[in-house]
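Structure, as structure tokens:
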Amino acid sequence: MSLQLNTRAAAKLAALITVSAAALTAFAADPAKVENLRVTNACKYCDLTDAALSGADLRGADFQNANLSGANLSKADLSQRPMEKRTLSTNFESTNLKKANLSEAKLNGASFNGAFLREANLQGADLSNAVFPGANLKGANLKGAKVDGASFEGAKLCNTIMADGSTNDSGC
């Protein structure tokens, strides 16, 4: 009987720890900066480390030199935003996306010029027509991503899992 109670107590404690950790992660980024991003669609030089932005509509956002390491952008729409006479691409120039979760995100046409995507999760993301000149994709996972028209020219690929599941070590 006491073993059964201890097992239940341990399970409840584990669930409480998991919920608490999720709550802390959701609020790790400065809420004012997250709100400013939602209003202005720009976050240049800002710090959104571990931000919870899953499923957010951030089409055409400007993240130049921002810190999004560990951010959850899974299923977010970061694709091109059609404007009146041109298309505005989401800008990740020199952005820190280390260990960011971009799985299943819409990133078609995004610019990752010089971005730090080390160990980023891009599984199933739409990277159609995205460009990665000078980007560091060491240890990134692109398995199942749509890469039609994407350019990885000049990107550092080392232990990078490509869209077809193969590992690319060309930049090691």
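Lettering and numbering for the structure tokens are positional, with chains as A, B, ... in the shown order, residues counted from 1 in each chain, and ligands counted from 1 in the shown order.
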Can you list, as a PDB file with N, CA and C atoms, in the first residue's frame, every protein, DNA or RNA residue that comes within 7 Å of Asn168 of chain A when you count only C-alpha atoms, leaving out same-chain residues fewer than 6 positions away?
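The result, written out as part.pdb:
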```
ATOM      1  N   LEU A 157      27.545  23.562 -43.359  1.00  0.00           N
ATOM      2  CA  LEU A 157      26.790  22.338 -43.113  1.00  0.00           C
ATOM      3  C   LEU A 157      27.750  21.320 -42.514  1.00  0.00           C
ATOM      4  N   CYS A 158      27.516  20.926 -41.297  1.00  0.00           N
ATOM      5  CA  CYS A 158      28.363  19.959 -40.613  1.00  0.00           C
ATOM      6  C   CYS A 158      27.474  19.169 -39.661  1.00  0.00           C
ATOM      7  N   ASN A 159      27.394  17.869 -39.888  1.00  0.00           N
ATOM      8  CA  ASN A 159      26.490  17.030 -39.110  1.00  0.00           C
ATOM      9  C   ASN A 159      25.052  17.553 -39.223  1.00  0.00           C
ATOM     10  N   THR A 160      24.750  18.071 -40.413  1.00  0.00           N
ATOM     11  CA  THR A 160      23.432  18.629 -40.698  1.00  0.00           C
ATOM     12  C   THR A 160      22.573  17.556 -41.349  1.00  0.00           C
ATOM     13  N   ILE A 161      21.416  17.298 -40.776  1.00  0.00           N
ATOM     14  CA  ILE A 161      20.494  16.322 -41.361  1.00  0.00           C
ATOM     15  C   ILE A 161      19.668  17.063 -42.402  1.00  0.00           C
ATOM     16  N   MET A 162      19.830  16.652 -43.640  1.00  0.00           N
ATOM     17  CA  MET A 162      19.168  17.316 -44.756  1.00  0.00           C
ATOM     18  C   MET A 162      17.722  16.846 -44.899  1.00  0.00           C
TER      19      MET A 162
END
```
What are the closest atom pairs, with distances in Å to one decimal, for each residue of segment 104-155 of chain A lying within 10 Å of segment 71-76 of chain A, using only C-alpha atoms, rows by chain and rising residue number, as a Markdown table?
```
| residue | atom | partner | partner_atom | distance |
| --- | --- | --- | --- | --- |
| A:Glu104 | CA | A:Lys75 | CA | 4.8 |
| A:Ala105 | CA | A:Lys75 | CA | 4.2 |
| A:Lys106 | CA | A:Ala76 | CA | 6.4 |
| A:Leu107 | CA | A:Ala76 | CA | 8.6 |
| A:Ala120 | CA | A:Ala71 | CA | 9.8 |
| A:Asn121 | CA | A:Ser74 | CA | 8.8 |
| A:Leu122 | CA | A:Ser74 | CA | 8.6 |
| A:Gln123 | CA | A:Ser74 | CA | 9.4 |
| A:Gly124 | CA | A:Lys75 | CA | 9.4 |
| A:Ala125 | CA | A:Lys75 | CA | 8.1 |
| A:Asp126 | CA | A:Lys75 | CA | 9.9 |
```
Going by DSSP on the backbone, which bits of chain A are strand (DSSP E)? Write them as a ChimeraX atom specification, please. /A:81-82,87-88,160-161,167-168
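Distances to Gly154 of chain A were evaluated for A:Ser128, A:Asn96, A:Thr49, A:Asn113 using only C-alpha atoms, and the minimum falls at A:Asn113.
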Q.
Among segment 16-155 of chain A, which residues does DSSP mark as helix (DSSP H, G or I) when it is run on the backbone? Keep the chain and numbering as in the structure and answer as a ChimeraX atom specification.
A. /A:16-26,31-40
#### Entry: Contacts of Val147 of chain A within 10 Å, only C-alpha atoms, excl. fewer than 2 positions in-chain, as a count of residues only
18
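Across A:Ala61, A:Leu78, A:Cys172, A:Leu97, the tightest approach to Leu48 of chain A is made by A:Leu97 when counting only C-alpha atoms.
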Open item on the list: Please list as a PyMOL selection string every residue within 6 Å of segment 57-59 of chain A, counting only C-alpha atoms and excluding residues in the same chain fewer than 6 positions away.
Closed with: chain A and resi 77-81
With N, CA and C atoms retained, write the just-selected residues as a CSV table (one decimal), in the first residue's frame.
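Saved as part38.csv:
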```
chain,number,residue,atom,x,y,z
A,77,ASP,N,3.9,31.0,-38.7
A,77,ASP,CA,4.0,31.4,-40.1
A,77,ASP,C,5.0,32.6,-40.2
A,78,LEU,N,6.1,32.3,-40.7
A,78,LEU,CA,7.2,33.2,-40.9
A,78,LEU,C,7.5,33.4,-42.4
A,79,SER,N,6.5,33.1,-43.2
A,79,SER,CA,6.7,33.2,-44.6
A,79,SER,C,6.7,34.6,-45.1
A,80,GLN,N,6.8,34.8,-46.4
A,80,GLN,CA,6.8,36.1,-47.0
A,80,GLN,C,5.4,36.7,-46.8
A,81,ARG,N,5.4,38.0,-46.6
A,81,ARG,CA,4.2,38.8,-46.5
A,81,ARG,C,4.0,39.6,-47.8
```
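Remark: for Cys43 of chain A, the closest of the candidate residues A:Ala56, A:Gly165, A:Thr95, A:Met83 is A:Thr95 (distances computed over only C-alpha atoms).
With atom CA of Leu88 of chain A on one side and atom CA of Gly139 of chain A on the other, the separation reads 28.8 Å.
Picture a line from atom CA of Gly134 of chain A to atom CA of Arg118 of chain A; it runs 12.4 Å.
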Between A:Lys143, A:Ser54, A:Gln64, A:Ser103, smallest distance to Asn41 of chain A by only C-alpha atoms belongs to A:Gln64
